[in-house]
Every structure is written in structure tokens, then in C-alpha cells.
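Notes follow once the structure below has been shown.
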Amino acid sequence: MYGTTMEGHSVTCHVHGFLPYFYVPAPMNYRPENKNDLLLAINNYVRPAKSSSGGPVVDIDMVMKSSIYGYHGPKKALFLRIIVRLASYLPAAKRIFRDGFDVHGLGRVVCDPTYESNIPYPLRFMIDTKIQGASWVELSPKTYRIRTANNRTSTSQLEVDVYTDDIVAHQPEGDWQKIAPLRILSFDIECAGRKGVFPDANVDPVIQIANMVTLQGETRPFIRNVLTLKKCANIVGTHTMSFEREEELLKTWSEFVVTMDPDIIIGYNINGFDFPYLLDRAKALNVKDFPFLGRIIGSQTCAKDSRFSSKGLGTRDTKSINLEGRLQMDLLQVMQRDYKLRSYTLNSVCAHFLGEQKEDVHHSIITDLQNGNDETRRRLAIYCLKDAYLPQRLLDKLMCVINYMEMARVTGVPFNYLLTRGQQIKVVSQLYRKAKTEDLLIPALEVEGSEDVQYEGATVIEPEKGFYELPIATLDFTSLYPSIMMAHNLCYSTWLRDVRTAEQHGLVRDKDYKVTPDNALFVNPSVRKGILPTILEDLIAARKRAKGDLKKETDPFKRAVLDGRQLALKISANSVYGFTGATIGKLPLLAISSSVTAYGRVMIEETKMRVEEKFTIANGFEHDAQVIYGDTDSVMVKFGVKTVAEAMKLGREAADYVTSHFQKPINLDFEKVYFPYLLINKKRYAGLYWTNPTKHDKMDTKGIETVRRDSCRLVSSVIETCLKKILIDRDVKAAEEYTKGVIADLLQNKVDLSQLVISKALGKAEYAAKQAHNELAARMRKRDAGSAPALGDRVAYVIIKGTKDAAAYEKAEDPIYVLENNIPIDTKYYLENQLSKPLMRIFEPILGSKAQTLLSGDHTRVISVAAPTIGGLMKFAVKTATCLGCKTPLKKNESAVCHHCKPRVGELYQRQLDSVSDLEVKFARLWTQCQRCQGSLHQDVICTAQDCPIFYMRKKVQKDMKDSSMVLDRFNYAW
DNA sequence: AAGCCCAGACGT
DNA sequence: TAATACGTCTGGGCTT
């Protein structure tokens with residue numbers, strides 16, 4: 001075990017006396033005296049490489065347990081606990097039982113499945129010792145021995161030996177909620193790449209490493225340093241260390257890490273880039289002492305390729321880096337797991353969460369700065385330091401450490417599982433812990449290859465589409481699926497395979513067991529209380545407690561912990577259902593998951609029916625209520641009343657009324673009123689959200705382009721603005737006018753490029769059909785393999801003008817490339833394929849067929865358009881200059897105006913001059929803004945941040961300015 | 001041109 | 001080795 005004391009001293013603790021094991025059902029006729037023969041037989045079959053210390057299986061216990069999978073009556077059965085010497089022997093021993101083998105005195109022994117044989121050994125240890133993840137473990141005086149210099153194996157401040165039985169585990173309650181002052185190292189490296197090629201560790205040197213060290217809970221780093229190759233001018237408040245040789249730089253950094261001994265190492269994409277690069281580079285330069293960054297002496301740090309794929313997170317190539325005793329939190333991974341964003345560059349993530357941009361220096365410019373002088377290297381160092389600081393800021397702002405620790409504490413898994421493993425292991429941990437208390441064993445089911453059986457999910461009520469200018473009340477079941485599992489005692493341990501099984505146990509329908517709407521059978525709590533319902537009850541009770549404590553708590557730190565906890569508890573409760581339905585999972589039981597959804601379907605139908613049946617004119621209400629929409633666990637009700645207050649009153653009444661017809665703890669809650677409400681389709685709607693009758697809380701949009709990451713900013717912002725004008729200002733006319741204006745701007749090329757960027761995730765390497773983002777990624781790989789998007793990345797593109805019948809995937813292009821090469825945008829595509837349908841969808845319910853006029857009419861007449869520079873005839877067309885006054889083609893001896901316009905030349909010149917100076921002012925303003933962002937008003941702007949709107953504007957204005965002054969130059973000849 | 005189907009992203 | 005679930009809309013390529 002690795003840990004930290006409350007004083008902040010790192011500890012490596014060698015725990016002795018805990019061996020891996022698994023269970024098998026005892027063979028028939030098994031008696032204690034068979035043990036030696038069985039032991040011999042297994043060891044005979046397993047035959048490990050090193051058998052000097054005896055066979056792989058060291059002991060066999062007899063225990064009374066029962067399988068959790070299905071109800072087996074109240075009696076327990078005899079199981080054998082097979083104890084092995086090393087975790088690595090376990091799979092072999094397990095295979096022998098599964099395949100079968102002969103034992104003297106017992107005959108042929110076959111056990112399939114085996115039990116609890118597929119749980120990670122560290123987790124097994126934690127479960128048995130009742131240690132939760134990221135929690136306190138106490139070693140009492142005299143129970144442990146401290147190692148001295150001559151037998152140390154780690155670089156921790158303290159190193160001790162202890163026996164498993166002497167460990168005292170503390171549950172994270174009361175005083176044990178505290179968090180040790182962990183040392184957090186945030187770092188970033190820069191390397192000098194070559195033009196047009198992504199840095200290659202075999203060739204390109206590491207030139208700088210910036211480090212910040214902060215104590216958990218504090219806001220300011222107590223160490224700030226930067227290691228540079230070649231001299232670097234002084235930076236206030238930062239320790240700069242310069243090296244002439246790169247080997248020295250690397251060696252010093254490695255020593256720094258070991259000496260400073262961080263508990264957590266963070267950074268941005270350190271897992272995918274910085275760590276592997278440093279390791280590869282050290283190998284290329286033959287820096288032998290470098291790759292020992294963990295706490296175990298002599299354990300070499302290396303990067304291993306692995307691929308992680310899940311339905312939720314998609315497929316992603318990752319690297320795993322072994323740093324014994326130190327946690328790694330790559331903030332890029334954290335962001336990708338926990339937040340849905342348009343882009344995951346450090347720049348855009350910081351803009352989103354910290355409200356500030358950072359300059360983004362393209363890797364090809366870095367070399368120029370390195371090859372400059374002390375000052376340019378200082379410039380680079382400041383940039384590098386900022387990149388080391390920002391991950392720390394994100395970590396603090398989002399309270400990642402606290403939230404992750406709470407998740408580890410609630411689910412019981414080690415901290416590092418949260419970033420390296422998926423969702424299932426968290427449920428497994430809880431299931432094992434709870435099952436152990438009831439002597440239930442969990443079978444190690446073999447994952448059946450391609451068995452991806454689907455079962456029916458939830459009901460989505462057919463929406464009564466339209467624009468409602470009446471308040472619509474929303475009723476929601478609170479934690480629907482968990483409460484169904486609790487109300488009906490759905491669990492592995494309560495499941496009856498069929499009616500015959502029920503009869504065998506003498507169980508009577510309804511009295512002892514129930515049949516679900518999916519025709520599955522589960523025993524009632526009076527026969528056996530399920531494990532899953534118990535886990536859920538505990539989670540929900542704990543959440544209630546955490547929320548209650550949160551209300552009372554005033555200390556901001558403790559509040560953060562409690563808030564993190566209640567969130568972790570909520571997520572955990574919700575993932576139990578998914579776990580039971582994960583067919584390619586550890587322990588799927590579709591009887592549970594399909595019964596849960598079946599109950600849900602029945603309940604939403606019943607809710608709709610009861611509301612519409614009770615709230616009628618016949619029953620003395622003013623109007624007949626109507627359920628206009630509902631999804632899974634919610635119904636939207638039109639009571640027909642005019643005011644929000646009345647809708648709220650009826651909503652509450654209806655919720656209570658319906659709840660009274662369901663079994664505890666199922667609860668239908670009145671949540672909010674939408675007024676007005678625009679219902680476009682299933683899973684697509686918008687409305688003003690009211691929780692109190694005096695004023696609305698916010699505008700809420702679901703599934704519409706405003707919340708989707710795969711439409712460009714232009715579409716989201718137009719739709720968002722229109723909805724605001726329609727719903728908040730209640731001014732449809734204004735929305736129409738606004739839309740027309742935007743369309744006109746778009747067609748006249750006045751819309752900024754950053755507004756037109758579309759992004760999509762690169763899900764897989766091979767696609768069945770050609771797709772824009774995938775084709776572009778392939779093209780970009782050809783241009784520069786290193787900087788092109790990788791699997792799992794989001795690919796940004798714009799649609800450019802092409803030949804008439806070109807497919808969209810041929811017209812997708814990298815926005816930066818478009819900007820740099822001045823390629824015209826396909827504005828018509830943006831109008832017809834991006835804007836038109838979403839606009840029609842929101843305007844049609846309000847304007848009816850009149851909505852069509854938005855897309856045709858005066859504003860769609862193009863006034864000026866940039867000439868396409870590629871394709872067909874344009875190549876052969878000779879560009880003739882036209883008069884700046886009347887656009888007629890000019891004669892040879894005329895350069896600015898024709899002879900008719902000659903008298904106006906002064907006025908026209910002035911106009912052009914104004915335009916140039918106008919653009920100059922605009923450009924200067926954007927330039928200063930970029931300088932301010934990079935933190936210096938005296939230096940050149942080198943930022944090329946692809947997510948930054950300012951960057952696009954600056955580039956565009958720069959280009960316009962150049963064009964405009966070229967036109968101005970034509971007057972020189974005119975005089 | 002119509003319709004199928006994949007892929008992406010979202011809702012719950 | 002590891003990977004919560006299903007329902008729905010939408011855009012766009014591909015086939016008929």
C-alpha cells in the first residue's frame with residue numbers, strides 16, 4: 001500500500017499474509033480427508049515455473065456459502081476456498097477446475113463456473129480488509145516495523161512492514177473524512193520540432209520542462225521552476241535551471257521528481273505525450289538513470305500501449321505508464337470522461353472553465369524561439385510554465401481530487417481505477433462487499449463471444465408537437481430505475497429461473513414471489529431481501545445524509561467534500577441498473593434489467609392514464625388535462641390553466657395523487673413548469689423553466705442544435721437567439737428579422753470562420769461509408785502525420801466551395817488550412833444543409849407555412865461573393881480590373897477608375913482610404929487583445945489557437961486589410 | 001429520386 | 001483484458 005500521513009509524509013507499506021483465492025462448489029462426497037489429494041492433483045496440473053517453495057495452491061478451506069445468481073432457498077452449500085501463492089497462478093488453477101481433472105478418491109472434478117476468481121487481487125485485499133479507496137488506514141504502534149537504510153526498497157519517506165490482520169481500516173466518516181496534504185506535481189514539456197513534422201523523440205530534443213508543486217487544499221504552488229536547454233533570462237518568482245546538455249536536463253528532472261516525491265502527477269495529455277516522449281527521448285540519448293520515476297527502487301518506468309473501448313466513451317488508444325506509488329491524473333482524460341465539450345484542447349477547456357484563453361504556439365514556432373536568445377527562450381519558458389499551471393487551475397476549479405476521492409470512497413475502488421477502468425468495476429466492488437456480509441458468492445461468468453442480446457427499453461410518449469402558450473407542468477419519477485429495483489426486490493439473489501424452481505422451494509405466487517411485467521420471477525423481501533436493493537438503499541440513504549450535512553456545513557472545504565460525495569452516490573445508484581443489463585459484462589442478468597424497463601413502461605402509461613382520467617371537467621376541474629409528451633420517467637401535462645401558479649398547484653396535486661397508487665419508495669415528483677413550451681419532436685424541445693410562480697429560472701433546450709456539438713457555432717447561436725426572442729421576449733417578428741440578417745451576412749461572406757467550424761469525433765479507423773471528418777483526417781495525416789487527429793479526437797472542419805456535384809466529404813477542409821490559403825467557403829451549403837432545417841423546425845410550429853419565406857426573398861440575394869479560386873473555368877479566365885466607381889472593366893491605361901468616374905476619383909480614394917484605416921484600427925484592436933492574452937504588450941503575437949474566435953477574426957481582418965491596401969495602391973497610378 | 005442504413009450525438 | 005442500458009433524431013453516403 002502507498003499512502004501519506006496527515007503530516008504529509010509519504011509511506012510505502014509492505015503488507016504480509018494475504019493470499020489470493022477463489023471458490024468452487026465442493027465436489028459431491030467431499031470430506032476433509034480429501035484435501036491433500038485434491039491439493040496434490042491441482043498442483044500436479046498447474047506446474048508453475050518456480051516450484052522451489054511448494055506448489056501454486058497452498059491451502060484449501062471448507063466454507064458454507066451460496067451463489068448469488070438466482071434464489072436457492074435458505075440453506076447454504078459447501079464451497080471450497082482455493083488459496084494460491086501468487087495472483088499470477090490463479091487463472092491456471094481456475095482453468096483446471098473449469099476444464100475438469102481427476103482426483104484420487106473423488107473421481108473427475110469439474111466446476112464451471114468458479115466463483116470470485118475474476119476480481120483484481122488489490123481489490124480483493126481491500127474488500128476483505130474493509131478498506132475503501134482513498135481512505136485512512138491506521139497502523140497501531142508495535143504492529144509495524146520501520147525499514148532502515150539497509151533494507152529499503154522504496155524512495156518514500158517512510159517504509160514499513162505489517163501483517164494484514166493488524167491493519168485498521170477507517171470508514172471515511174467524521175474525522176476520517178480529512179484528506180492528507182498530498183503533494184501534486186503539474187508539469188509540461190516543450191520540444192523543438194522541425195517544420196511540418198510532429199516532434200519525434202528519436203530526433204527532436206526536449207528543450208524545456210516546467211514544474212509546479214502544490215499541496216492539496218492550497219491554492220498557490222510552493223515550487224515553481226523551469227528546466228531549460230541553453231540559457232534563459234530570469235523569470236520573477238520562478239527558479240530557472242539551464243543546461244548545456246539535454247542529457248543533464250533529463251537527468252535533473254528525474255532526480256527532481258524522485259526527491260520532491262509527489263503523490264499525484266498531473267498535466268495535460270501527459271499520458272499521451274509528455275511521459276512517453278520523455279521516456280523515448282531518454283532512451284534515445286541513453287540517459288540510463290532517467291526512467292525510474294516511481295517509488296520502488298529499481299522499477300523501470302515505461303509506457304505500454306493499450307486500447308480502451310467502451311460504449312460510453314468510444315474507442316481510444318491510450319498508454320499506461322507505471323509510476324508505483326504515485327497517482328496520475330491526466331487532465332485531458334478527466335475532461336474527456338467527465339465533460340462533454342466541443343473541443344478538448346487545453347486552450348478551449350480553459351476558456352470554458354476558467355474563462356480565460358491562453359496563447360497557443362504551434363510546435364514549428366517553438367524551435368525558432370529556442371534558437372533565438374535568452375529572451376526568446378524566456379518567452380518560451382513563460383509559455384511552458386503557463387501550460388504547467390493551467391492543469392493545476394483546472395484541477396482546483398473542478399475539485400477533481402476531492403470528487404475522485406469521494407467516488408473512490410463511496411464505491412470502494414482504488415483511486416487509480418477511476419481513470420484507468422470503466423464503470424463496471426465500481427458496481428462490482430460494492431456488490432462483492434455487500435455479498436460477503438451475507439455469505440453469497442459471485443460466479444465468474446465466461447463472457448460469451450458475440451452474444452449481444454438487446455432487450456426492450458423505455459417508452460417515449462408520442463409528442464403532441466406544437467408551440468404551447470400555456471403553462472405545461474412536468475412530473476418526474478425520482479430515481480426511477482433504482483426505486484423500481486427497491487420496490488420490487490429485484491436482485492440476482494432473489495431471481496427465480498422459472499415457476500418450477502419456485503415450486504421446488506415451495507414458494508407461492510404473490511405471497512412469496514412476484515411476476516414482473518416482463519414475466520420474470522423474483523421472491524419477496526419476506527423470503528429474501530435482495531443485495532442490489534440493499535446497496536441502493538444504502539446509497540440513497542447516504543446521499544440524503546450527505547445532502548443534509550451539506551445544508552448545515554459552513555466550512556467551504558468540507559462542503560466541497562460533501563457535495564462531491566452526494567454526486568458520487570447519485571451516479572453510483574444510477575449505474576447499478578446498467579450493470580445488470582451489460583451483456584458483455586461481469587454479471588449480466590437481463591431478467592433484472594428488462595423487468596426494470598418493463599415496470600417503467602407500465603408506470604409511465606399508468607401515470608398518463610391516471611392524470612388524464614382524474615383531472616377532467618367531469619371531475620370538477622376547469623379543463624380536461626392532457627399529457628402532451630413524456631420520456632422514460634417524466635410526463636408533461638397541459639392542465640389547460642392560464643397561470644404558472646395554477647399549473648404548479650395542479651402539478652403537485654397530480655404528483656401526490658399518482659404516487660399514492662405506487663409501491664414505496666416510488667415517488668412521482670412535481671418538478672417544474674414550462675411556459676411557453678415549444679415541442680418539436682421526441683427528445684427535442686425548448687421552453688422557459690419555472691420553479692416559482694413569479695419569475696422563470698432559465699431557458700431550457702433539449703436535443704436542439706443549441707446543445708449539440710455536431711453543428712457549427714453559427715447554427716447554435718442563431719437558434720439560441722431565435723428561441724430567446726420567441727420564448728423570453730415573445731417577439732416572433734424580431735426573431736424573423738434577426739434570422740434574415742444572419743442569412744444575408746452568411747451569403748455575403750461576413751460571417752467569421754470560427755462560427756462555421758463543425759466538429760465530429762473520430763470514432764474508428766475504418767468507416768463503411770466515406771465521411772467528411774474521417775476523409776479530412778486522412779488527408780491531414782498525409783500533410784503532417786503527427787499533428788493530424790488521432791482515434792477518439794474531435795476533428796474540426798469547414799465546408800469549402802467545390803465543383804457542383806462534389807460530395808460533402810470532398811469539400812471538408814481544415815479551418816487553419818482554409819484561412820492560410822484563402823479558400824472560399826461554401827456559404828450555400830451552410831444555408832441549405834446547416835441552417836435551414838433547424839430554423840424550419842422552430843419556426844414552422846409558430847408561423848406555419850409562412851416560415852418558408854425566411855429562406856427566400858431579398859436577404860438571400862447575394863451582393864458580393866468571393867470568387868472561387870479553384871476548379872473549372874476560373875483557371876483560364878483572365879482577371880480584368882474593374883472601375884472602383886462603377887465596376888465597368890478598365891482599359892489598359894486605367895488602373896483605378898474609368899474615364900467616366902475620373903471626376904470622382906478624390907471621393908473614391910477617400911472612401912478606400914477610410915476602409916483601409918478602418919480595418920487597421922480593427923486589426924490593432926484584435927492584435928492587442930491577443931497580446932494581452934499572451935501576457936505581454938511588447939512582443940509579437942505567435943498564437944494560432946484553433947478554437948479561439950479572436951484568432952480567426954485577427955487572421956481575417958489581416959487578410960482584408962492587405963487586400964484593401966492593395967486596392968488603394970491602384971490609385972498611385974491613377975493620379 | 002426514394003429509401004436504407006451507418007454514424008454521431010443526444011435524452012432519460 | 002475490459003467494455004452501464006435503450007430510444008430517437010438527423011445528416012449523408014450508398015443502393016435500388
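Quick note on naming: the chains in the C-alpha cells go A, B, ... in the order shown, residues restart at 1 in each chain, and ligands are numbered from 1 in order of appearance.
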Query raised in the report: Within 10 Å of chain C, which residues of chain A show up when using only C-alpha atoms (C1' of nucleotides), listed as a ChimeraX atom specification?
Result: /A:306-315,421-425,427,454-460,574-586,593-594,597,631-632,681-684,703-704,768-772,807-809,833-834,837
Name the residues of segment 168-359 of chain A that fall into strand (DSSP E) according to DSSP on the backbone, using the chain letters and numbers of this document, as a compact mmCIF listing (two decimals) with N, CA, C and O atoms, in the first residue's frame.
# COMPACT_ATOMS: atom_id res chain seq x y z
N VAL A 168 -5.83 -1.48 10.56
CA VAL A 168 -7.13 -0.96 10.98
C VAL A 168 -7.64 -0.03 9.88
O VAL A 168 -7.03 0.99 9.57
N ALA A 169 -8.75 -0.42 9.27
CA ALA A 169 -9.32 0.41 8.20
C ALA A 169 -10.36 1.33 8.79
O ALA A 169 -11.19 0.91 9.60
N ARG A 183 1.10 15.99 -2.12
CA ARG A 183 1.93 16.84 -2.99
C ARG A 183 1.53 16.57 -4.44
O ARG A 183 1.57 15.43 -4.90
N ILE A 184 1.15 17.63 -5.13
CA ILE A 184 0.71 17.47 -6.52
C ILE A 184 1.70 18.16 -7.45
O ILE A 184 1.94 19.36 -7.32
N LEU A 185 2.28 17.38 -8.35
CA LEU A 185 3.20 17.96 -9.33
C LEU A 185 2.47 18.11 -10.66
O LEU A 185 1.89 17.17 -11.17
N SER A 186 2.51 19.34 -11.19
CA SER A 186 1.96 19.56 -12.51
C SER A 186 3.12 19.94 -13.42
O SER A 186 3.91 20.81 -13.06
N PHE A 187 3.24 19.28 -14.55
CA PHE A 187 4.38 19.62 -15.41
C PHE A 187 4.00 19.65 -16.88
O PHE A 187 2.94 19.17 -17.29
N ASP A 188 4.88 20.27 -17.66
CA ASP A 188 4.68 20.35 -19.10
C ASP A 188 6.04 20.40 -19.76
O ASP A 188 6.97 21.00 -19.22
N ILE A 189 6.17 19.76 -20.92
CA ILE A 189 7.45 19.81 -21.61
C ILE A 189 7.29 20.52 -22.96
O ILE A 189 6.19 20.60 -23.52
N GLU A 190 8.40 21.05 -23.46
CA GLU A 190 8.43 21.60 -24.82
C GLU A 190 9.54 20.90 -25.55
O GLU A 190 10.60 20.64 -24.98
N CYS A 191 9.29 20.59 -26.82
CA CYS A 191 10.40 20.06 -27.59
C CYS A 191 10.50 20.81 -28.91
O CYS A 191 9.53 21.39 -29.39
N VAL A 206 14.17 17.57 -26.21
CA VAL A 206 13.34 18.20 -25.19
C VAL A 206 14.09 19.45 -24.76
O VAL A 206 15.26 19.37 -24.39
N ILE A 207 13.46 20.60 -24.84
CA ILE A 207 14.21 21.82 -24.55
C ILE A 207 13.78 22.49 -23.26
O ILE A 207 14.54 23.24 -22.67
N GLN A 208 12.56 22.22 -22.80
CA GLN A 208 12.15 22.81 -21.53
C GLN A 208 11.20 21.88 -20.78
O GLN A 208 10.40 21.17 -21.39
N ILE A 209 11.27 21.92 -19.46
CA ILE A 209 10.29 21.25 -18.61
C ILE A 209 9.91 22.21 -17.49
O ILE A 209 10.78 22.66 -16.75
N ALA A 210 8.64 22.55 -17.41
CA ALA A 210 8.18 23.44 -16.35
C ALA A 210 7.46 22.62 -15.29
O ALA A 210 6.75 21.67 -15.60
N ASN A 211 7.64 22.97 -14.02
CA ASN A 211 7.05 22.23 -12.91
C ASN A 211 6.40 23.15 -11.90
O ASN A 211 6.92 24.22 -11.61
N MET A 212 5.26 22.72 -11.37
CA MET A 212 4.59 23.43 -10.27
C MET A 212 4.24 22.37 -9.24
O MET A 212 3.69 21.33 -9.60
N VAL A 213 4.52 22.65 -8.00
CA VAL A 213 4.14 21.70 -6.97
C VAL A 213 3.23 22.41 -5.97
O VAL A 213 3.54 23.49 -5.49
N THR A 214 2.09 21.80 -5.70
CA THR A 214 1.08 22.40 -4.84
C THR A 214 0.66 21.35 -3.81
O THR A 214 0.65 20.17 -4.11
N LEU A 215 0.31 21.81 -2.61
CA LEU A 215 -0.25 20.89 -1.64
C LEU A 215 -1.75 20.86 -1.82
O LEU A 215 -2.38 21.91 -2.01
N ILE A 223 6.37 25.28 -5.16
CA ILE A 223 7.56 25.20 -6.02
C ILE A 223 7.13 25.58 -7.43
O ILE A 223 6.09 25.13 -7.91
N ARG A 224 7.93 26.45 -8.04
CA ARG A 224 7.69 26.85 -9.43
C ARG A 224 9.05 26.86 -10.09
O ARG A 224 9.88 27.70 -9.73
N ASN A 225 9.31 25.95 -10.98
CA ASN A 225 10.60 26.02 -11.64
C ASN A 225 10.49 25.61 -13.09
O ASN A 225 9.49 25.05 -13.53
N VAL A 226 11.56 25.94 -13.83
CA VAL A 226 11.60 25.52 -15.22
C VAL A 226 13.03 25.11 -15.56
O VAL A 226 13.98 25.77 -15.16
N LEU A 227 13.15 23.98 -16.22
CA LEU A 227 14.46 23.48 -16.65
C LEU A 227 14.58 23.80 -18.13
O LEU A 227 13.69 23.43 -18.91
N THR A 228 15.65 24.49 -18.52
CA THR A 228 15.77 24.86 -19.93
C THR A 228 17.07 24.36 -20.52
O THR A 228 18.08 24.23 -19.83
N LEU A 229 17.01 24.09 -21.81
CA LEU A 229 18.21 23.75 -22.55
C LEU A 229 18.74 25.07 -23.08
O LEU A 229 18.01 25.81 -23.74
N HIS A 239 12.21 29.55 -10.31
CA HIS A 239 13.58 29.08 -10.30
C HIS A 239 13.90 28.53 -11.68
O HIS A 239 13.30 27.57 -12.13
N THR A 240 14.84 29.18 -12.39
CA THR A 240 15.22 28.67 -13.71
C THR A 240 16.54 27.92 -13.60
O THR A 240 17.48 28.39 -12.98
N MET A 241 16.57 26.75 -14.22
CA MET A 241 17.81 25.97 -14.24
C MET A 241 18.14 25.71 -15.69
O MET A 241 17.34 25.11 -16.41
N SER A 242 19.31 26.16 -16.12
CA SER A 242 19.68 26.00 -17.52
C SER A 242 20.78 24.95 -17.68
O SER A 242 21.63 24.81 -16.82
N PHE A 243 20.69 24.23 -18.80
CA PHE A 243 21.65 23.17 -19.05
C PHE A 243 22.19 23.30 -20.46
O PHE A 243 21.46 23.70 -21.37
N ILE A 264 0.74 12.86 -6.43
CA ILE A 264 -0.07 12.86 -7.64
C ILE A 264 0.70 13.64 -8.71
O ILE A 264 1.27 14.69 -8.42
N ILE A 265 0.74 13.12 -9.92
CA ILE A 265 1.36 13.86 -11.02
C ILE A 265 0.28 14.19 -12.02
O ILE A 265 -0.48 13.32 -12.45
N ILE A 266 0.18 15.48 -12.35
CA ILE A 266 -0.86 15.89 -13.28
C ILE A 266 -0.26 16.67 -14.44
O ILE A 266 0.91 17.05 -14.41
N GLY A 267 -1.07 16.93 -15.44
CA GLY A 267 -0.65 17.69 -16.61
C GLY A 267 -1.71 17.54 -17.67
O GLY A 267 -2.76 16.94 -17.42
N ALA A 303 6.26 3.09 -20.90
CA ALA A 303 4.92 3.36 -21.44
C ALA A 303 4.47 2.15 -22.24
O ALA A 303 5.18 1.70 -23.13
N LYS A 304 3.31 1.63 -21.89
CA LYS A 304 2.79 0.48 -22.62
C LYS A 304 1.55 0.90 -23.39
O LYS A 304 0.70 1.60 -22.87
N ASP A 305 1.46 0.45 -24.63
CA ASP A 305 0.28 0.78 -25.43
C ASP A 305 -0.89 -0.05 -24.99
O ASP A 305 -0.76 -1.24 -24.75
N SER A 306 -2.04 0.57 -24.86
CA SER A 306 -3.24 -0.21 -24.60
C SER A 306 -4.42 0.48 -25.27
O SER A 306 -4.38 1.66 -25.57
N ARG A 307 -5.43 -0.30 -25.49
CA ARG A 307 -6.61 0.27 -26.13
C ARG A 307 -7.78 0.10 -25.18
O ARG A 307 -8.03 -0.98 -24.67
N PHE A 308 -8.47 1.20 -24.95
CA PHE A 308 -9.61 1.17 -24.06
C PHE A 308 -10.85 1.41 -24.91
O PHE A 308 -10.89 2.35 -25.69
N SER A 309 -11.84 0.52 -24.78
CA SER A 309 -13.06 0.81 -25.54
C SER A 309 -14.29 0.48 -24.72
O SER A 309 -14.35 -0.54 -24.06
N SER A 310 -15.22 1.37 -24.73
CA SER A 310 -16.49 1.14 -24.05
C SER A 310 -17.57 1.82 -24.87
O SER A 310 -17.29 2.69 -25.68
N GLY A 314 -16.37 5.33 -26.20
CA GLY A 314 -15.82 5.07 -27.51
C GLY A 314 -14.48 4.36 -27.41
O GLY A 314 -14.05 3.98 -26.33
N THR A 315 -13.85 4.20 -28.55
CA THR A 315 -12.56 3.52 -28.56
C THR A 315 -11.45 4.54 -28.51
O THR A 315 -11.52 5.58 -29.15
N ARG A 316 -10.46 4.23 -27.72
CA ARG A 316 -9.37 5.19 -27.58
C ARG A 316 -8.07 4.44 -27.34
O ARG A 316 -8.01 3.52 -26.54
N ASP A 317 -7.03 4.85 -28.07
CA ASP A 317 -5.72 4.28 -27.82
C ASP A 317 -5.08 5.05 -26.68
O ASP A 317 -4.97 6.27 -26.75
N THR A 318 -4.69 4.34 -25.66
CA THR A 318 -4.05 5.03 -24.54
C THR A 318 -2.73 4.35 -24.23
O THR A 318 -2.44 3.26 -24.70
N LYS A 319 -1.95 5.02 -23.42
CA LYS A 319 -0.71 4.41 -22.96
C LYS A 319 -0.81 4.29 -21.45
O LYS A 319 -1.40 5.15 -20.79
N SER A 320 -0.28 3.22 -20.91
CA SER A 320 -0.26 3.15 -19.47
C SER A 320 1.19 3.25 -19.00
O SER A 320 2.08 2.62 -19.56
N ILE A 321 1.40 4.09 -18.02
CA ILE A 321 2.75 4.36 -17.53
C ILE A 321 2.82 3.94 -16.07
O ILE A 321 1.98 4.36 -15.26
N LEU A 327 -0.06 8.67 -8.03
CA LEU A 327 -1.26 8.68 -8.86
C LEU A 327 -1.02 9.59 -10.05
O LEU A 327 -0.30 10.58 -9.94
N GLN A 328 -1.64 9.23 -11.16
CA GLN A 328 -1.55 10.11 -12.33
C GLN A 328 -2.94 10.61 -12.66
O GLN A 328 -3.87 9.85 -12.69
N MET A 329 -3.02 11.90 -12.89
CA MET A 329 -4.29 12.44 -13.38
C MET A 329 -3.99 13.28 -14.60
O MET A 329 -3.54 14.42 -14.48
N ASP A 330 -4.22 12.69 -15.74
CA ASP A 330 -4.06 13.45 -16.97
C ASP A 330 -5.36 14.22 -17.16
O ASP A 330 -6.42 13.63 -17.37
Can you tell me, as a short mmCIF file (atom, residue, chain, number, x, y, z; two decimals) with all heavy atoms, in the first residue's frame, what residues are no more than 9 Å from Ala180 of chain A when counting only C-alpha atoms (C1' of nucleotides), ignoring any on the same chain fewer than 4 positions away?
data_model
loop_
_atom_site.label_atom_id
_atom_site.label_comp_id
_atom_site.auth_asym_id
_atom_site.auth_seq_id
_atom_site.Cartn_x
_atom_site.Cartn_y
_atom_site.Cartn_z
N THR A 4 -0.06 8.54 2.49
CA THR A 4 0.53 9.75 3.03
C THR A 4 -0.02 9.95 4.43
O THR A 4 -1.21 9.70 4.67
CB THR A 4 0.13 10.96 2.15
OG1 THR A 4 0.50 10.68 0.81
CG2 THR A 4 0.81 12.22 2.61
N THR A 5 0.83 10.37 5.34
CA THR A 5 0.33 10.65 6.69
C THR A 5 -0.29 12.04 6.72
O THR A 5 -0.13 12.82 5.78
CB THR A 5 1.48 10.63 7.72
OG1 THR A 5 2.35 11.74 7.43
CG2 THR A 5 2.27 9.33 7.65
N MET A 6 -1.01 12.31 7.79
CA MET A 6 -1.64 13.63 7.90
C MET A 6 -0.58 14.74 7.87
O MET A 6 -0.86 15.86 7.48
CB MET A 6 -2.45 13.68 9.21
CG MET A 6 -3.50 14.77 9.22
SD MET A 6 -4.73 14.56 7.90
CE MET A 6 -5.02 16.26 7.44
N GLU A 7 0.65 14.41 8.29
CA GLU A 7 1.73 15.40 8.27
C GLU A 7 2.31 15.57 6.86
O GLU A 7 3.17 16.42 6.64
CB GLU A 7 2.86 14.99 9.22
CG GLU A 7 2.49 15.00 10.70
CD GLU A 7 1.59 13.82 11.07
OE1 GLU A 7 1.81 12.70 10.55
OE2 GLU A 7 0.65 14.03 11.86
N GLY A 8 1.89 14.71 5.94
CA GLY A 8 2.36 14.84 4.57
C GLY A 8 3.58 13.99 4.25
O GLY A 8 4.25 14.22 3.25
N GLN A 216 -2.33 19.67 -1.77
CA GLN A 216 -3.78 19.54 -1.90
C GLN A 216 -4.47 20.44 -0.87
O GLN A 216 -4.13 20.41 0.32
CB GLN A 216 -4.19 18.08 -1.68
CG GLN A 216 -5.66 17.83 -1.40
CD GLN A 216 -6.57 18.35 -2.50
OE1 GLN A 216 -6.18 18.41 -3.67
NE2 GLN A 216 -7.77 18.74 -2.13
#
Requested in this report: List every residue of segment 686-816 of chain A that DSSP, applied to the backbone, labels as helix (DSSP H, G or I), and write the result as a PyMOL selection string.
Outcome: chain A and resi 705-707+713-728+732-747+753-756+772-783+808-811+815-816
Report task. Return as number ranges by chain the residues belonging to chain B that are within 9 Å of chain A, counting only C-alpha atoms (C1' of nucleotides). Result -> B: 6-12
